[in-house]
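Visitor: Here it is, the structure, as structure tokens.
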Amino acid sequence: MSHHATPPGTGRKLTLVVLGLAALIAAMLCAFALPSLHSGPHHVPIGVTGPRQAAEAIQENVDGPAWDVRLYKTSDAVKTAVKNKDIAGGLAVTAHGVDVYTATAGGPSATGALTALGNGVAEQNKTQATVHDLVPFTDDDPRGAGLTAALMPMIFGGIFPALILSGVFPGHRGLRIRLTGALLFSVVAGAAVAAVLQFGTHSIDGNYGLTALGVVLGMAAMSTTLLGLQAFLGMAGFALGGALMMLLGNPLSGLTTGPHWLPDGWATIGQLLPPGASGSLLRTNAFFGGTGAGLPAMVLTAWVVIGVTFVLLADRQGRRTTAPGSKATTGSETADISHPELVTS
């Protein structure tokens, strides 16, 4: 009769796993619920112009936690600032009423709130407000549904390559092939996503090459990060990367509402994660001609570097464990149990 003794440390390991999963669920709840509960305008930059007394009165009454009011000399200056993404919108007080300048493609929620603000200012001045959408969504997709829907395929475009390529090309020998495959997939899938959005659903316009390049960079950031974490830490790394992209990056991306609609801390975290940076880069390339693309592009490039670095570290560790004379080598390559991804087929 055989007796199966419990390996030493099993109880401690089980406790850590259970606590880790519980913390993950709690973090997921916070990521999805808290930003929604506290959603609204948070320091949204807007421009105001008009007679000095009227403009300063608006700044004094409106500037605060919700709006970051900046004074401009002319309406043209406000419109230029909106198109350059320096501000989310603006108000111009004129002799004929209040002109409200918005950029719906830059943030639909901010557009609605700014319109309401403009109507309030017009009512106080006993006049009418006129809305001018300087950067709208396309006529075929006036609500930006295609842009919003693009984020999930981009996230799964990072998860699937790491998952599938590791099954087709397992172990240390397949590591560099998996990295090459992930990068090639990012190029092909990124170009395809941009093509569908621009030529299929007509949800975006602008320079296709620029937009596609941004989508490719975003998918490369997600796929290489997940691949690198998986290669270096095994399934724990894959789970960590998936949670980072799906459970934090997705709800904090601000792609649906615009980043200014999330609380400041949450918005900052979201824009530093690949999904948020990818969404911002897609938005600015598709509707603003690439203006303001520098920061999200740098964030995504940094994630690519992180992912590739993890792959190289895993490759180096794998070479050590399979080198002739190493403790892990007994005539043939054997598994390094501390790094499941370093197992060769």
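By convention in this document, the chains of the structure tokens carry letters A, B, ... by their order, each chain's residues are numbered from 1, and ligands are numbered from 1 in the order they are shown.
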I'd like the contact shell of A:Ser75 - 8 Å cut-off, only C-alpha atoms, skipping same-chain residues fewer than 4 positions apart - returned as an MDAnalysis selection string.
Guide: chainID A and resid 49:50 79 92
Visitor: The selected residues should be written to file as an mmCIF file, in the first residue's frame (atoms: all heavy atoms).
Guide:
data_model
loop_
_atom_site.group_PDB
_atom_site.id
_atom_site.type_symbol
_atom_site.label_atom_id
_atom_site.label_comp_id
_atom_site.auth_asym_id
_atom_site.auth_seq_id
_atom_site.Cartn_x
_atom_site.Cartn_y
_atom_site.Cartn_z
ATOM 1 N N THR A 49 -12.022 82.548 -24.113
ATOM 2 C CA THR A 49 -11.658 83.838 -24.708
ATOM 3 C C THR A 49 -12.897 84.723 -24.771
ATOM 4 O O THR A 49 -14.034 84.240 -24.656
ATOM 5 C CB THR A 49 -11.071 83.644 -26.123
ATOM 6 O OG1 THR A 49 -10.567 84.899 -26.596
ATOM 7 C CG2 THR A 49 -12.115 83.130 -27.097
ATOM 8 N N GLY A 50 -12.673 85.992 -24.955
ATOM 9 C CA GLY A 50 -13.764 86.957 -25.012
ATOM 10 C C GLY A 50 -13.346 88.245 -24.324
ATOM 11 O O GLY A 50 -12.155 88.438 -24.019
ATOM 12 N N LYS A 79 -9.242 77.598 -31.051
ATOM 13 C CA LYS A 79 -9.453 76.521 -32.021
ATOM 14 C C LYS A 79 -8.139 75.816 -32.362
ATOM 15 O O LYS A 79 -8.101 74.581 -32.494
ATOM 16 C CB LYS A 79 -10.112 77.085 -33.285
ATOM 17 C CG LYS A 79 -11.550 77.505 -33.066
ATOM 18 C CD LYS A 79 -12.241 77.883 -34.365
ATOM 19 C CE LYS A 79 -11.832 79.251 -34.856
ATOM 20 N NZ LYS A 79 -12.624 79.671 -36.049
ATOM 21 N N ALA A 92 -15.889 80.659 -26.250
ATOM 22 C CA ALA A 92 -15.602 82.002 -26.750
ATOM 23 C C ALA A 92 -16.850 82.859 -26.565
ATOM 24 O O ALA A 92 -17.896 82.582 -27.170
ATOM 25 C CB ALA A 92 -15.199 81.958 -28.223
#
Visitor: Which residues come within 10 Å of A:Val93, counting only C-alpha atoms, excluding same-chain residues fewer than 4 positions away, as a PDB file with N, CA, C and O atoms, in the first residue's frame?
Guide:
ATOM      1  N   VAL A  48     -10.662  79.627 -22.750  1.00  0.00           N
ATOM      2  CA  VAL A  48     -11.725  80.633 -22.691  1.00  0.00           C
ATOM      3  C   VAL A  48     -11.201  81.919 -23.302  1.00  0.00           C
ATOM      4  O   VAL A  48     -10.061  82.335 -23.038  1.00  0.00           O
ATOM      5  N   THR A  49     -12.022  82.548 -24.113  1.00  0.00           N
ATOM      6  CA  THR A  49     -11.658  83.838 -24.708  1.00  0.00           C
ATOM      7  C   THR A  49     -12.897  84.723 -24.771  1.00  0.00           C
ATOM      8  O   THR A  49     -14.034  84.240 -24.656  1.00  0.00           O
ATOM      9  N   GLY A  50     -12.673  85.992 -24.955  1.00  0.00           N
ATOM     10  CA  GLY A  50     -13.764  86.957 -25.012  1.00  0.00           C
ATOM     11  C   GLY A  50     -13.346  88.245 -24.324  1.00  0.00           C
ATOM     12  O   GLY A  50     -12.155  88.438 -24.019  1.00  0.00           O
ATOM     13  N   PRO A  51     -14.302  89.133 -24.071  1.00  0.00           N
ATOM     14  CA  PRO A  51     -13.981  90.345 -23.315  1.00  0.00           C
ATOM     15  C   PRO A  51     -13.305  89.977 -21.991  1.00  0.00           C
ATOM     16  O   PRO A  51     -13.689  88.998 -21.344  1.00  0.00           O
ATOM     17  N   ARG A  52     -12.312  90.752 -21.637  1.00  0.00           N
ATOM     18  CA  ARG A  52     -11.479  90.397 -20.487  1.00  0.00           C
ATOM     19  C   ARG A  52     -12.293  90.135 -19.241  1.00  0.00           C
ATOM     20  O   ARG A  52     -12.062  89.131 -18.539  1.00  0.00           O
ATOM     21  N   ALA A  54     -15.425  89.229 -18.911  1.00  0.00           N
ATOM     22  CA  ALA A  54     -16.238  88.021 -19.031  1.00  0.00           C
ATOM     23  C   ALA A  54     -15.374  86.766 -18.952  1.00  0.00           C
ATOM     24  O   ALA A  54     -15.730  85.784 -18.281  1.00  0.00           O
ATOM     25  N   ALA A  55     -14.226  86.782 -19.626  1.00  0.00           N
ATOM     26  CA  ALA A  55     -13.344  85.614 -19.631  1.00  0.00           C
ATOM     27  C   ALA A  55     -12.786  85.342 -18.236  1.00  0.00           C
ATOM     28  O   ALA A  55     -12.736  84.183 -17.788  1.00  0.00           O
ATOM     29  N   ILE A  58     -15.424  83.779 -15.999  1.00  0.00           N
ATOM     30  CA  ILE A  58     -15.601  82.352 -16.250  1.00  0.00           C
ATOM     31  C   ILE A  58     -14.467  81.563 -15.596  1.00  0.00           C
ATOM     32  O   ILE A  58     -14.693  80.537 -14.951  1.00  0.00           O
ATOM     33  N   SER A  75     -10.492  83.677 -30.575  1.00  0.00           N
ATOM     34  CA  SER A  75     -11.172  82.411 -30.858  1.00  0.00           C
ATOM     35  C   SER A  75     -10.289  81.499 -31.700  1.00  0.00           C
ATOM     36  O   SER A  75     -10.288  80.276 -31.516  1.00  0.00           O
ATOM     37  N   GLY A  97     -23.212  85.652 -28.841  1.00  0.00           N
ATOM     38  CA  GLY A  97     -23.521  84.513 -27.992  1.00  0.00           C
ATOM     39  C   GLY A  97     -22.244  83.848 -27.492  1.00  0.00           C
ATOM     40  O   GLY A  97     -21.188  84.479 -27.410  1.00  0.00           O
ATOM     41  N   VAL A  98     -22.345  82.578 -27.188  1.00  0.00           N
ATOM     42  CA  VAL A  98     -21.208  81.794 -26.695  1.00  0.00           C
ATOM     43  C   VAL A  98     -20.916  80.671 -27.682  1.00  0.00           C
ATOM     44  O   VAL A  98     -21.785  79.846 -27.958  1.00  0.00           O
ATOM     45  N   ASP A  99     -19.708  80.674 -28.229  1.00  0.00           N
ATOM     46  CA  ASP A  99     -19.281  79.591 -29.113  1.00  0.00           C
ATOM     47  C   ASP A  99     -18.571  78.524 -28.275  1.00  0.00           C
ATOM     48  O   ASP A  99     -17.634  78.817 -27.525  1.00  0.00           O
ATOM     49  N   VAL A 100     -19.030  77.294 -28.424  1.00  0.00           N
ATOM     50  CA  VAL A 100     -18.441  76.159 -27.702  1.00  0.00           C
ATOM     51  C   VAL A 100     -17.643  75.323 -28.699  1.00  0.00           C
ATOM     52  O   VAL A 100     -18.197  74.800 -29.669  1.00  0.00           O
ATOM     53  N   GLY A 118     -21.101  75.323 -21.527  1.00  0.00           N
ATOM     54  CA  GLY A 118     -21.334  76.439 -22.437  1.00  0.00           C
ATOM     55  C   GLY A 118     -22.777  76.912 -22.406  1.00  0.00           C
ATOM     56  O   GLY A 118     -23.042  78.127 -22.447  1.00  0.00           O
ATOM     57  N   VAL A 121     -23.195  79.023 -19.278  1.00  0.00           N
ATOM     58  CA  VAL A 121     -22.621  80.364 -19.423  1.00  0.00           C
ATOM     59  C   VAL A 121     -23.527  81.230 -20.301  1.00  0.00           C
ATOM     60  O   VAL A 121     -23.764  82.421 -20.007  1.00  0.00           O
ATOM     61  N   ALA A 122     -24.052  80.648 -21.362  1.00  0.00           N
ATOM     62  CA  ALA A 122     -24.941  81.400 -22.250  1.00  0.00           C
ATOM     63  C   ALA A 122     -26.217  81.820 -21.531  1.00  0.00           C
ATOM     64  O   ALA A 122     -26.715  82.945 -21.717  1.00  0.00           O
ATOM     65  N   ASN A 125     -25.621  84.771 -19.392  1.00  0.00           N
ATOM     66  CA  ASN A 125     -25.476  85.994 -20.196  1.00  0.00           C
ATOM     67  C   ASN A 125     -26.727  86.303 -21.013  1.00  0.00           C
ATOM     68  O   ASN A 125     -26.724  87.233 -21.830  1.00  0.00           O
ATOM     69  N   ALA A 129     -25.919  79.459 -26.965  1.00  0.00           N
ATOM     70  CA  ALA A 129     -24.639  78.781 -27.183  1.00  0.00           C
ATOM     71  C   ALA A 129     -24.680  78.017 -28.504  1.00  0.00           C
ATOM     72  O   ALA A 129     -25.681  77.398 -28.846  1.00  0.00           O
TER      73      ALA A 129
END
Visitor: Quick check, in Å to one decimal: how far apart do atom CA of A:Ala221 and atom CA of A:Leu300 lie?
Guide: 5.5 Å
Visitor: Tell me, counting only C-alpha atoms, for each residue of stretch 257-289 of chain A within 12 Å of stretch 138-144 of chain A, which pair of atoms is nearest and how far apart they are in Å to one decimal, in rows ordered by chain and increasing number, as CSV.
Guide:
residue,atom,partner,partner_atom,distance
A:Thr257,CA,A:Gly144,CA,10.3
A:Gly258,CA,A:Gly144,CA,11.7
A:Arg283,CA,A:Gly144,CA,10.3
A:Ala286,CA,A:Thr138,CA,10.4
A:Phe287,CA,A:Thr138,CA,9.3
Visitor: So which residues touch A:Arg178 within 7 Å, counting only C-alpha atoms, skipping near sequence neighbours fewer than 4 positions away, as a PyMOL selection string?
Guide: chain A and resi 165-166+169+174+182
Visitor: Using only C-alpha atoms, can you tell me which of A:Gly307, A:Gly47, A:Gly289, A:Gly254 comes closest to A:Leu272?
Guide: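 That would be A:Gly254, the residue with the smallest distance to A:Leu272.
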Visitor: Could you pull out the residues in stretch 27-242 of chain A that DSSP calls strand (DSSP E) from the backbone, as a ChimeraX atom specification?
Guide: /A:44-49,67-71,89-94,97-102,129-133
Visitor: Would you mind exporting the chosen residues as a compact mmCIF listing (two decimals), in the first residue's frame, restricted to N, CA and C atoms?
Guide:
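For reference, result-v4.txt as written:
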# COMPACT_ATOMS: atom_id res chain seq x y z
N VAL A 44 -9.93 68.86 -16.61
CA VAL A 44 -9.98 68.87 -18.07
C VAL A 44 -9.52 70.24 -18.56
N PRO A 45 -8.47 70.32 -19.38
CA PRO A 45 -7.99 71.63 -19.84
C PRO A 45 -8.91 72.21 -20.91
N ILE A 46 -9.40 73.41 -20.67
CA ILE A 46 -10.25 74.10 -21.64
C ILE A 46 -9.77 75.53 -21.79
N GLY A 47 -10.04 76.11 -22.95
CA GLY A 47 -9.66 77.49 -23.21
C GLY A 47 -10.87 78.41 -23.17
N VAL A 48 -10.66 79.63 -22.75
CA VAL A 48 -11.73 80.63 -22.69
C VAL A 48 -11.20 81.92 -23.30
N THR A 49 -12.02 82.55 -24.11
CA THR A 49 -11.66 83.84 -24.71
C THR A 49 -12.90 84.72 -24.77
N TRP A 67 -12.32 71.50 -14.01
CA TRP A 67 -11.84 72.17 -15.22
C TRP A 67 -10.56 72.95 -14.94
N ASP A 68 -9.65 72.84 -15.89
CA ASP A 68 -8.41 73.63 -15.86
C ASP A 68 -8.55 74.71 -16.92
N VAL A 69 -8.96 75.91 -16.50
CA VAL A 69 -9.32 76.98 -17.43
C VAL A 69 -8.09 77.80 -17.80
N ARG A 70 -7.88 77.98 -19.10
CA ARG A 70 -6.77 78.77 -19.61
C ARG A 70 -7.32 79.87 -20.52
N LEU A 71 -6.80 81.07 -20.33
CA LEU A 71 -7.29 82.22 -21.10
C LEU A 71 -6.52 82.36 -22.41
N GLY A 89 -11.17 71.49 -25.26
CA GLY A 89 -12.23 72.29 -25.88
C GLY A 89 -12.13 73.71 -25.38
N GLY A 90 -13.13 74.51 -25.70
CA GLY A 90 -13.06 75.90 -25.26
C GLY A 90 -14.37 76.64 -25.42
N LEU A 91 -14.41 77.83 -24.80
CA LEU A 91 -15.57 78.72 -24.87
C LEU A 91 -15.10 80.09 -25.38
N ALA A 92 -15.89 80.66 -26.25
CA ALA A 92 -15.60 82.00 -26.75
C ALA A 92 -16.85 82.86 -26.56
N VAL A 93 -16.73 83.86 -25.71
CA VAL A 93 -17.85 84.78 -25.47
C VAL A 93 -17.77 85.90 -26.50
N THR A 94 -18.83 86.04 -27.31
CA THR A 94 -18.87 87.06 -28.36
C THR A 94 -20.13 87.90 -28.19
N GLY A 97 -23.21 85.65 -28.84
CA GLY A 97 -23.52 84.51 -27.99
C GLY A 97 -22.24 83.85 -27.49
N VAL A 98 -22.34 82.58 -27.19
CA VAL A 98 -21.21 81.79 -26.70
C VAL A 98 -20.92 80.67 -27.68
N ASP A 99 -19.71 80.67 -28.23
CA ASP A 99 -19.28 79.59 -29.11
C ASP A 99 -18.57 78.52 -28.28
N VAL A 100 -19.03 77.29 -28.42
CA VAL A 100 -18.44 76.16 -27.70
C VAL A 100 -17.64 75.32 -28.70
N TYR A 101 -16.34 75.21 -28.47
CA TYR A 101 -15.47 74.44 -29.36
C TYR A 101 -15.14 73.11 -28.69
N THR A 102 -15.47 72.03 -29.39
CA THR A 102 -15.26 70.70 -28.83
C THR A 102 -14.41 69.85 -29.77
N ALA A 129 -25.92 79.46 -26.96
CA ALA A 129 -24.64 78.78 -27.18
C ALA A 129 -24.68 78.02 -28.50
N THR A 130 -23.59 78.09 -29.25
CA THR A 130 -23.46 77.37 -30.51
C THR A 130 -22.26 76.44 -30.43
N VAL A 131 -22.47 75.16 -30.70
CA VAL A 131 -21.41 74.15 -30.58
C VAL A 131 -20.74 73.94 -31.92
N HIS A 132 -19.41 73.97 -31.91
CA HIS A 132 -18.61 73.71 -33.11
C HIS A 132 -17.69 72.52 -32.80
N ASP A 133 -17.97 71.38 -33.40
CA ASP A 133 -17.14 70.19 -33.17
C ASP A 133 -15.96 70.24 -34.14
Visitor: Go through A:Val304, A:Leu229, A:Leu255, A:Ala150 one by one, measure the shortest atom-to-atom distance of each to A:Ala194 using only C-alpha atoms, and give the residue with the smallest value.
Guide: A:Ala150
Visitor: Nearest to A:Gly190 among A:Ser278, A:Tyr72, A:Leu175, A:Thr148, with distances taken over only C-alpha atoms: which residue is it?
Guide: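 Between A:Ser278, A:Tyr72, A:Leu175, A:Thr148, the residue approaching A:Gly190 most closely is A:Ser278.
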Visitor: Report the distance between atom CA of A:Val308 and atom CA of A:Val193 in Å, rounded to one decimal place.
Guide: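 These atoms are spaced 23.4 Å apart.
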